[in-house]
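Listing of input_18.txt; format and content: compact mmCIF, C-alpha atoms.
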# COMPACT_ATOMS: atom_id res chain seq x y z
CA MET A 12 -12.38 211.89 31.21
CA ASN A 13 -9.02 213.45 31.55
CA ASN A 14 -7.41 212.27 34.72
CA LYS A 15 -4.63 214.73 34.00
CA ASP A 16 -6.60 217.27 35.98
CA MET A 17 -5.89 215.44 39.18
CA SER A 18 -2.25 216.25 39.03
CA MET A 19 -2.57 219.59 37.27
CA ASN A 20 -5.10 221.23 39.52
CA ASN A 21 -2.91 221.58 42.50
CA PRO A 22 -2.32 225.27 42.75
CA GLY A 23 0.55 226.05 44.99
CA GLY A 24 -1.01 224.77 48.18
CA PRO A 25 0.55 222.21 50.48
CA GLY A 26 -0.81 219.30 48.48
CA PRO A 27 -4.25 217.80 48.21
CA GLY A 28 -4.10 216.24 51.63
CA GLY A 29 -5.00 212.72 50.65
CA SER A 30 -1.48 211.39 50.43
CA GLY A 31 -0.13 213.23 53.44
CA PRO A 32 3.08 215.21 53.35
CA GLY A 33 4.10 213.92 49.95
CA ASN A 34 6.14 210.78 49.63
CA PRO A 35 9.83 211.24 48.93
CA GLY A 36 10.17 207.65 47.72
CA GLY A 37 7.96 208.17 44.71
CA ALA A 38 6.67 204.88 43.37
CA ASN A 39 7.66 202.86 46.40
CA SER A 40 5.14 204.38 48.69
CA GLY A 41 3.69 201.06 49.87
CA PRO A 42 4.83 200.67 53.48
CA SER A 43 4.16 204.23 54.56
CA GLN A 44 0.62 204.10 53.20
CA LYS A 45 -0.27 201.07 55.25
CA LYS A 46 -2.21 201.31 58.44
CA LEU A 47 -0.13 202.54 61.32
CA VAL A 48 -0.47 199.44 63.43
CA SER A 49 -0.82 196.11 61.69
CA LEU A 50 -3.38 193.56 62.82
CA GLN A 51 -0.70 190.88 62.94
CA SER A 52 1.41 192.79 65.43
CA LEU A 53 -1.64 193.34 67.65
CA ILE A 54 -2.46 189.63 67.53
CA GLY A 55 1.16 188.88 68.41
CA LEU A 56 0.95 191.20 71.39
CA ALA A 57 -2.32 189.64 72.54
CA VAL A 58 -0.84 186.14 72.35
CA ALA A 59 2.29 187.21 74.24
CA LEU A 60 0.17 188.88 76.92
CA ALA A 61 -2.03 185.80 77.27
CA VAL A 62 0.97 183.47 77.61
CA ALA A 63 2.59 185.80 80.13
CA ALA A 64 -0.65 186.02 82.11
CA ILE A 65 -0.97 182.24 82.25
CA LEU A 66 2.64 181.83 83.35
CA VAL A 67 2.31 184.52 85.99
CA THR A 68 -0.77 182.78 87.42
CA LEU A 69 0.93 179.39 87.39
CA PHE A 70 4.23 180.57 88.84
CA PRO A 71 3.50 183.69 90.90
CA ASP A 72 6.96 183.53 92.47
CA ASN A 73 8.69 184.53 89.24
CA ARG A 74 6.40 187.44 88.56
CA GLU A 75 8.43 190.16 90.14
CA ARG A 76 11.68 189.12 88.50
CA ALA A 77 10.04 188.78 85.06
CA VAL A 78 8.44 192.21 85.30
CA GLY A 79 11.78 193.63 86.42
CA THR A 80 13.63 192.07 83.50
CA SER A 81 11.02 193.26 81.00
CA LEU A 82 11.14 196.75 82.42
CA ARG A 83 14.92 196.87 82.26
CA PHE A 84 14.86 196.00 78.55
CA LEU A 85 11.96 198.36 77.95
CA ILE A 86 13.92 201.25 79.47
CA GLU A 87 16.92 200.41 77.33
CA MET A 88 14.77 200.37 74.20
CA VAL A 89 12.95 203.57 75.08
CA SER A 90 16.29 205.30 75.55
CA VAL A 91 17.34 204.66 71.93
CA LEU A 92 14.23 204.02 69.84
CA PRO A 93 13.11 207.66 69.44
CA ALA A 94 16.59 208.65 68.29
CA ILE A 95 16.70 205.72 65.87
CA VAL A 96 13.32 206.42 64.28
CA ILE A 97 14.30 210.08 63.89
CA LEU A 98 17.46 209.03 62.04
CA ILE A 99 15.43 206.62 59.91
CA GLY A 100 12.95 209.39 59.12
CA LEU A 101 15.71 211.84 58.20
CA PHE A 102 17.40 209.29 55.93
CA ALA A 103 14.10 208.48 54.24
CA VAL A 104 13.37 212.12 53.48
CA PHE A 105 16.84 213.45 52.71
CA VAL A 106 18.32 210.47 50.85
CA PRO A 107 15.84 209.73 48.09
CA LYS A 108 15.77 206.17 46.82
CA LYS A 109 16.13 207.39 43.24
CA LEU A 110 19.52 208.82 44.07
CA VAL A 111 20.69 205.53 45.52
CA ALA A 112 19.53 203.61 42.47
CA GLU A 113 21.23 206.03 40.14
CA TYR A 114 24.60 205.74 41.86
CA LEU A 115 24.50 201.99 42.13
CA GLY A 116 23.65 201.60 38.47
CA HIS A 117 27.06 203.00 37.55
CA ALA A 118 29.06 201.14 40.16
CA SER A 119 31.80 198.77 39.03
CA GLY A 120 34.95 197.05 40.25
CA VAL A 121 36.29 197.48 43.78
CA LYS A 122 34.81 200.94 43.86
CA GLY A 123 31.48 199.39 42.95
CA PHE A 124 31.72 196.98 45.86
CA PHE A 125 32.29 199.74 48.39
CA LEU A 126 29.69 201.95 46.78
CA ALA A 127 27.13 199.15 46.96
CA LEU A 128 28.07 198.60 50.59
CA LEU A 129 27.75 202.27 51.41
CA LEU A 130 24.52 202.78 49.51
CA GLY A 131 22.99 199.71 51.09
CA SER A 132 23.81 200.90 54.58
CA LEU A 133 22.37 204.38 54.02
CA PRO A 134 18.68 204.15 53.29
CA THR A 135 16.19 202.56 55.56
CA GLY A 136 13.09 200.50 55.61
CA PRO A 137 12.59 196.75 55.60
CA LEU A 138 14.44 194.59 53.10
CA TYR A 139 11.41 194.01 50.88
CA VAL A 140 11.45 197.71 50.01
CA ALA A 141 14.87 197.12 48.47
CA PHE A 142 13.77 194.28 46.14
CA PRO A 143 12.03 196.46 43.53
CA MET A 144 15.00 198.84 43.61
CA ALA A 145 17.39 195.95 43.09
CA ALA A 146 15.27 194.61 40.24
CA ALA A 147 15.20 197.98 38.53
CA MET A 148 18.98 198.32 38.82
CA LEU A 149 19.55 194.82 37.45
CA LYS A 150 17.45 195.69 34.44
CA LYS A 151 19.54 198.78 33.94
CA GLY A 152 22.62 196.62 33.78
CA ALA A 153 24.05 196.74 37.29
CA ARG A 154 26.24 193.76 38.19
CA PRO A 155 24.43 190.99 40.11
CA ALA A 156 27.37 190.85 42.54
CA ASN A 157 26.89 194.48 43.47
CA ILE A 158 23.16 193.99 43.84
CA ILE A 159 23.74 191.15 46.29
CA VAL A 160 26.24 193.28 48.21
CA PHE A 161 23.72 196.10 48.27
CA LEU A 162 20.94 193.84 49.56
CA THR A 163 23.16 192.25 52.18
CA ALA A 164 24.31 195.64 53.45
CA TRP A 165 20.71 196.83 53.47
CA ALA A 166 19.66 193.81 55.49
CA CYS A 167 22.54 193.53 57.93
CA ILE A 168 24.51 196.71 58.47
CA LYS A 169 22.29 199.73 58.05
CA ILE A 170 23.61 202.61 60.12
CA PRO A 171 20.69 203.15 62.53
CA GLN A 172 20.50 199.40 62.98
CA GLU A 173 24.19 199.23 63.90
CA MET A 174 23.61 201.86 66.58
CA VAL A 175 21.03 199.65 68.22
CA GLU A 176 23.43 196.73 67.96
CA LEU A 177 26.10 198.81 69.70
CA GLN A 178 23.66 199.63 72.47
CA PHE A 179 22.62 196.06 73.14
CA MET A 180 25.56 193.91 72.08
CA GLY A 181 28.59 196.07 72.87
CA LEU A 182 31.44 197.39 70.76
CA LYS A 183 33.45 194.21 70.29
CA PHE A 184 30.53 192.09 69.13
CA THR A 185 29.26 194.84 66.82
CA LEU A 186 32.61 195.52 65.16
CA LEU A 187 33.39 191.85 64.67
CA ARG A 188 30.00 191.06 63.18
CA PHE A 189 30.25 194.17 61.01
CA GLY A 190 33.59 193.02 59.57
CA LEU A 191 32.43 189.46 58.99
CA THR A 192 29.23 190.68 57.34
CA ILE A 193 31.17 192.85 54.89
CA ALA A 194 33.36 189.89 53.97
CA ALA A 195 30.29 187.67 53.63
CA ALA A 196 28.58 190.26 51.42
CA GLY A 197 31.53 190.30 49.00
CA LEU A 198 31.78 186.53 48.85
CA MET A 199 28.03 186.09 48.45
CA GLY A 200 28.03 188.59 45.61
CA ALA A 201 30.90 186.90 43.81
CA VAL A 202 29.46 183.39 44.21
CA THR A 203 25.97 184.45 43.15
CA GLU A 204 27.27 186.19 40.06
CA GLY A 205 29.47 183.23 39.16
CA LEU A 206 26.66 180.72 39.54
CA MET A 207 24.17 182.86 37.64
CA LYS A 208 26.57 183.26 34.73
CA ARG A 209 27.44 179.58 34.63
CA SER A 210 23.83 178.46 34.46
CA GLU A 211 23.03 180.80 31.61
CA MET B 1 22.80 205.53 80.50
CA ASN B 2 25.83 204.07 78.79
CA ALA B 3 28.09 205.60 76.18
CA ALA B 4 26.21 204.02 73.27
CA THR B 5 22.87 205.43 74.41
CA ILE B 6 24.30 208.89 74.83
CA SER B 7 26.10 208.93 71.50
CA VAL B 8 23.09 207.62 69.57
CA ASN B 9 20.92 210.34 71.04
CA LEU B 10 23.53 213.01 70.41
CA ILE B 11 23.97 211.91 66.80
CA ALA B 12 20.21 211.95 66.26
CA LEU B 13 19.97 215.38 67.84
CA ALA B 14 22.82 216.74 65.74
CA ALA B 15 21.31 215.27 62.57
CA LEU B 16 17.94 216.71 63.45
CA LEU B 17 19.33 220.19 64.08
CA GLY B 18 21.42 220.07 60.92
CA ALA B 19 18.41 218.94 58.90
CA ALA B 20 16.16 221.60 60.41
CA PHE B 21 18.74 224.20 59.56
CA LYS B 22 18.88 223.00 55.98
CA ASP B 23 15.19 222.44 55.30
CA LYS B 24 12.49 222.89 57.93
CA GLU B 25 9.70 221.43 55.84
CA LYS B 26 11.54 218.21 55.00
CA THR B 27 12.58 217.85 58.61
CA GLY B 28 8.93 218.11 59.60
CA GLN B 29 8.16 215.30 57.16
CA ALA B 30 10.95 213.22 58.63
CA LEU B 31 9.62 213.74 62.15
CA ARG B 32 6.11 212.76 61.13
CA LEU B 33 7.56 209.65 59.51
CA ALA B 34 9.48 208.93 62.71
CA VAL B 35 6.38 209.22 64.89
CA ARG B 36 4.44 206.98 62.52
CA SER B 37 7.05 204.27 62.56
CA LEU B 38 7.41 204.51 66.33
CA VAL B 39 3.67 204.07 66.83
CA GLY B 40 3.61 201.26 64.27
CA MET B 41 6.43 199.51 66.07
CA LEU B 42 4.93 199.85 69.52
CA PRO B 43 2.92 196.60 69.68
CA MET B 44 5.95 194.65 68.48
CA VAL B 45 8.21 196.40 71.00
CA LEU B 46 5.86 195.39 73.82
CA THR B 47 5.63 191.85 72.46
CA ILE B 48 9.41 191.51 72.40
CA ILE B 49 9.65 192.95 75.91
CA ILE B 50 7.15 190.37 77.19
CA ILE B 51 8.93 187.55 75.35
CA ILE B 52 12.23 188.60 76.92
CA GLY B 53 10.74 188.69 80.43
CA VAL B 54 9.09 185.31 79.95
CA MET B 55 12.16 183.78 78.35
CA LEU B 56 14.62 184.87 81.00
CA GLU B 57 12.49 184.32 84.08
CA PHE B 58 10.10 181.48 83.24
CA VAL B 59 11.96 179.42 80.69
CA THR B 60 14.86 178.43 82.87
CA THR B 61 18.18 179.61 81.51
CA GLN B 62 19.17 175.95 81.60
CA ILE B 63 16.94 175.38 78.56
CA ILE B 64 18.46 178.30 76.64
CA GLN B 65 21.92 177.04 77.52
CA ASP B 66 21.13 173.47 76.45
CA LEU B 67 19.56 174.62 73.20
CA LEU B 68 21.85 177.50 72.20
CA GLY B 69 24.77 177.53 74.64
CA GLU B 70 28.43 176.69 73.99
CA GLU B 71 27.74 173.02 74.69
CA SER B 72 25.08 172.81 72.00
CA GLY B 73 27.77 173.24 69.34
CA PHE B 74 26.80 173.23 65.70
CA PHE B 75 23.30 172.01 66.42
CA GLY B 76 22.67 175.16 68.48
CA ILE B 77 23.99 177.33 65.66
CA LEU B 78 21.77 175.55 63.17
CA THR B 79 18.72 175.87 65.43
CA ALA B 80 19.28 179.60 65.92
CA ALA B 81 19.79 180.16 62.19
CA VAL B 82 16.59 178.29 61.30
CA ILE B 83 14.59 180.25 63.89
CA GLY B 84 16.13 183.48 62.60
CA SER B 85 15.17 182.65 59.01
CA LEU B 86 11.57 182.00 59.94
CA MET B 87 11.11 185.08 62.11
CA HIS B 88 9.92 188.32 60.58
CA ILE B 89 10.60 191.28 62.84
CA PRO B 90 12.33 194.63 62.24
CA ALA B 91 16.07 194.28 62.67
CA ILE B 92 16.29 196.97 65.31
CA LEU B 93 14.02 194.87 67.51
CA ALA B 94 16.18 191.80 66.91
CA PHE B 95 19.03 193.19 68.96
CA PRO B 96 17.27 193.40 72.33
CA LEU B 97 16.06 189.86 71.74
CA ALA B 98 19.58 188.76 70.84
CA ALA B 99 20.97 190.48 73.94
CA SER B 100 18.48 188.65 76.13
CA LEU B 101 19.49 185.31 74.57
CA LEU B 102 23.09 186.13 75.34
CA GLU B 103 22.12 186.99 78.90
CA GLY B 104 20.24 183.71 79.16
CA GLY B 105 23.38 181.78 78.31
CA ALA B 106 23.33 181.41 74.53
CA ALA B 107 26.75 181.34 72.87
CA ALA B 108 27.90 184.62 71.30
CA GLY B 109 28.55 183.02 67.90
CA THR B 110 25.15 181.39 67.89
CA VAL B 111 23.52 184.74 68.65
CA ALA B 112 25.49 186.37 65.80
CA GLY B 113 24.22 183.67 63.43
CA PHE B 114 20.70 184.30 64.67
CA ILE B 115 21.02 188.02 63.90
CA ALA B 116 22.54 187.35 60.48
CA SER B 117 19.84 184.91 59.40
CA LEU B 118 17.08 187.05 60.88
CA THR B 119 18.14 190.12 58.94
CA MET B 120 19.32 188.50 55.72
CA ILE B 121 16.83 185.73 55.09
CA GLY B 122 13.14 186.26 54.66
CA VAL B 123 11.00 183.19 54.37
CA VAL B 124 7.93 185.37 54.81
CA THR B 125 9.00 187.81 52.09
CA PHE B 126 10.18 185.05 49.74
CA PRO B 127 7.27 185.49 47.27
CA VAL B 128 7.93 189.24 46.97
CA GLU B 129 11.58 188.59 46.32
CA VAL B 130 10.86 185.97 43.66
CA LYS B 131 8.51 188.35 41.92
CA GLU B 132 11.15 191.09 41.78
CA LEU B 133 14.42 189.23 41.36
CA GLY B 134 13.41 185.87 39.94
CA VAL B 135 13.55 182.38 41.42
CA LYS B 136 17.21 181.76 40.74
CA MET B 137 18.61 184.87 42.34
CA THR B 138 16.24 184.59 45.29
CA LEU B 139 17.22 181.00 45.99
CA LEU B 140 20.90 181.85 45.63
CA ARG B 141 20.67 184.88 47.89
CA ASN B 142 18.71 183.16 50.63
CA GLY B 143 20.61 179.88 50.36
CA LEU B 144 24.01 181.55 50.44
CA GLY B 145 22.75 183.90 53.14
CA PHE B 146 21.91 180.91 55.29
CA LEU B 147 25.33 179.33 54.74
CA PHE B 148 27.10 182.58 55.51
CA ALA B 149 24.98 183.08 58.63
CA LEU B 150 26.33 179.71 59.80
CA ALA B 151 29.88 180.73 58.82
CA ILE B 152 29.57 184.04 60.68
CA ALA B 153 28.29 182.16 63.74
CA LEU B 154 31.22 179.73 63.67
CA LEU B 155 33.80 182.49 63.16
CA MET B 156 32.29 184.74 65.84
CA GLY B 157 32.35 181.78 68.21
CA VAL B 158 36.07 181.31 67.59
CA LEU B 159 36.97 185.02 67.63
CA LEU B 160 34.97 186.23 70.62
This entry written out as structure tokens:
Amino acid sequence: MNNKDMSMNNPGGPGPGGSGPGNPGGANSGPSQKKLVSLQSLIGLAVALAVAAILVTLFPDNRERAVGTSLRFLIEMVSVLPAIVILIGLFAVFVPKKLVAEYLGHASGVKGFFLALLLGSLPTGPLYVAFPMAAAMLKKGARPANIIVFLTAWACIKIPQEMVELQFMGLKFTLLRFGLTIAAAGLMGAVTEGLMKRSE
Amino acid sequence: MNAATISVNLIALAALLGAAFKDKEKTGQALRLAVRSLVGMLPMVLTIIIIIGVMLEFVTTQIIQDLLGEESGFFGILTAAVIGSLMHIPAILAFPLAASLLEGGAAAGTVAGFIASLTMIGVVTFPVEVKELGVKMTLLRNGLGFLFALAIALLMGVLL
């Protein structure tokens, strides 16, 4: 049968419902289609709760302080997390991955380095989302060095992530680590490219 | 409420208003995405919160200091980097954990190395990376990432 119909017969309406509000990422729709809460994270929580319960029973004296400490960190997280996920959501919708890939494909030289840095720090999502993008760009002829820079920036210095770092680690720590990470990204890119060329 | 908290929230608010002004429908999508990821993150947030409480109040800070403090030297840095490489949690949840380690007496450089290895190196996602980028590039990226996590830790230790 003609499975063309599935995409053709969508007259005007807000989409066929099944795939939600339409995925801006196109092909890379994996993570957002997963179940909301993963089984692993629930198991992790259960284990942590069990350990905490055992410790609280064994050492009741520390209970109050531990609960206080946990609450203090919880409040700090609650005061930034909603803002962070909103920024992540906005980036995901308004900065399509395709655009990022397109720009990085053309990047070269010093400009390429900074472009890779910038593009890596813009979009969001876990690092493994970036691997297929990186692979596609490599195939299109992007320099391996820039791809490594892009991946390092994606992993270490994404903008919403840096805001959380600022909140918890302070300005001095954040700025210093930011600078060192940029330097490391450049060096890693250069070394990787050099070694990959040499072994070819 | 400190300055960072306030500015993050203001930036998010400004971005949200700007986005809504530009395209209401897309902004709605973004908000739904935000709620989804917040809900998805919740169990892990609670887990981290519990770990922090347990770590700071039951594990005596003496242990954290011995293992990751200034005195632990390079071995502490190495330990933190190995733990960071093995862990698989969203980066934004790594920072509260890192802050609690710092509070418990871990050295600042060691904590920076922990963050670097946690975010850069993925032992869990290694197979995905190999599939997409090939064995050679994956090994180079993760191997170099580990070395540079150590370098960042050492430099941060000197500079802070």
Residues of chain B near chain A: apply a cut-off of 6 Å, count only C-alpha atoms, and supply the list as a short mmCIF file (atom, residue, chain, number, x, y, z; two decimals) with C-alpha atoms, in the frame of the given file.
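As written to disk, iface.cif reads:
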data_model
loop_
_atom_site.label_atom_id
_atom_site.label_comp_id
_atom_site.auth_asym_id
_atom_site.auth_seq_id
_atom_site.Cartn_x
_atom_site.Cartn_y
_atom_site.Cartn_z
CA ALA B 4 26.21 204.02 73.27
CA ASN B 9 20.92 210.34 71.04
CA ALA B 12 20.21 211.95 66.26
CA ALA B 30 10.95 213.22 58.63
CA LEU B 33 7.56 209.65 59.51
CA ALA B 34 9.48 208.93 62.71
CA GLY B 40 3.61 201.26 64.27
CA PRO B 43 2.92 196.60 69.68
CA MET B 44 5.95 194.65 68.48
CA THR B 47 5.63 191.85 72.46
CA ILE B 49 9.65 192.95 75.91
CA GLY B 53 10.74 188.69 80.43
CA GLU B 57 12.49 184.32 84.08
CA ILE B 92 16.29 196.97 65.31
CA PHE B 95 19.03 193.19 68.96
CA ALA B 99 20.97 190.48 73.94
CA THR B 119 18.14 190.12 58.94
CA MET B 120 19.32 188.50 55.72
CA GLU B 132 11.15 191.09 41.78
CA LEU B 133 14.42 189.23 41.36
#
Exercise. Find the spatial neighbours of Glu70 of chain B, counting all atoms listed in the file, within a cut-off of 10 Å - ignore same-chain residues fewer than 6 positions away - and output them as a ChimeraX atom specification.
Key: /B:76-77,105-110,157
Take the residues from that selection and write them out as a compact mmCIF listing (two decimals), keeping the file's coordinate frame, keeping C-alpha atoms.
# COMPACT_ATOMS: atom_id res chain seq x y z
CA GLY B 76 22.67 175.16 68.48
CA ILE B 77 23.99 177.33 65.66
CA GLY B 105 23.38 181.78 78.31
CA ALA B 106 23.33 181.41 74.53
CA ALA B 107 26.75 181.34 72.87
CA ALA B 108 27.90 184.62 71.30
CA GLY B 109 28.55 183.02 67.90
CA THR B 110 25.15 181.39 67.89
CA GLY B 157 32.35 181.78 68.21
Quiz item: What separation in Å, quoted to one decimal, exists between atom CA of Ile121 of chain B and atom CA of Ser85 of chain B?
Solution: 5.3 Å
Quiz item: Which residue out of A:Leu186, A:Gly205, A:Leu126, A:Gly197 has the minimum interatomic distance to Ala112 of chain B when all atoms listed in the file are used?
Solution: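 Looking at the shortest contact to Ala112 of chain B, the residue is A:Leu186.
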Practice problem: Choose the residue, out of B:Pro90, B:Phe114, B:Phe148, B:Val124, that has the smallest atom-to-atom separation from Ser37 of chain B; count only C-alpha atoms. | Solution: B:Pro90
Quiz item: How far is it from atom CA of Ile52 of chain B to atom CA of Val8 of chain B, in Å with one decimal?
Solution: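 About the pair atom CA of Ile52 of chain B and atom CA of Val8 of chain B: they are 23.1 Å apart.
When atom CA of Ile11 of chain B is paired with atom CA of Thr135 of chain A, their separation reads 16.6 Å.
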Quiz item: Which residues, written as JSON, numbers by chain, have at least one atom at most 8 Å from Gly84 of chain B, with only C-alpha atoms counted and residues fewer than 2 positions away on the same chain left out?
Solution: {"B": [80, 81, 82, 86, 87, 114, 115, 116, 117, 118, 119, 121]}
Restrict the selected residues to C-alpha atoms and save them as a PDB file, keeping the file's coordinate frame.
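Saved to out.pdb:
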ATOM      1  CA  ALA B  80      19.280 179.600  65.920  1.00  0.00           C
ATOM      2  CA  ALA B  81      19.790 180.160  62.190  1.00  0.00           C
ATOM      3  CA  VAL B  82      16.590 178.290  61.300  1.00  0.00           C
ATOM      4  CA  LEU B  86      11.570 182.000  59.940  1.00  0.00           C
ATOM      5  CA  MET B  87      11.110 185.080  62.110  1.00  0.00           C
ATOM      6  CA  PHE B 114      20.700 184.300  64.670  1.00  0.00           C
ATOM      7  CA  ILE B 115      21.020 188.020  63.900  1.00  0.00           C
ATOM      8  CA  ALA B 116      22.540 187.350  60.480  1.00  0.00           C
ATOM      9  CA  SER B 117      19.840 184.910  59.400  1.00  0.00           C
ATOM     10  CA  LEU B 118      17.080 187.050  60.880  1.00  0.00           C
ATOM     11  CA  THR B 119      18.140 190.120  58.940  1.00  0.00           C
ATOM     12  CA  ILE B 121      16.830 185.730  55.090  1.00  0.00           C
TER      13      ILE B 121
END
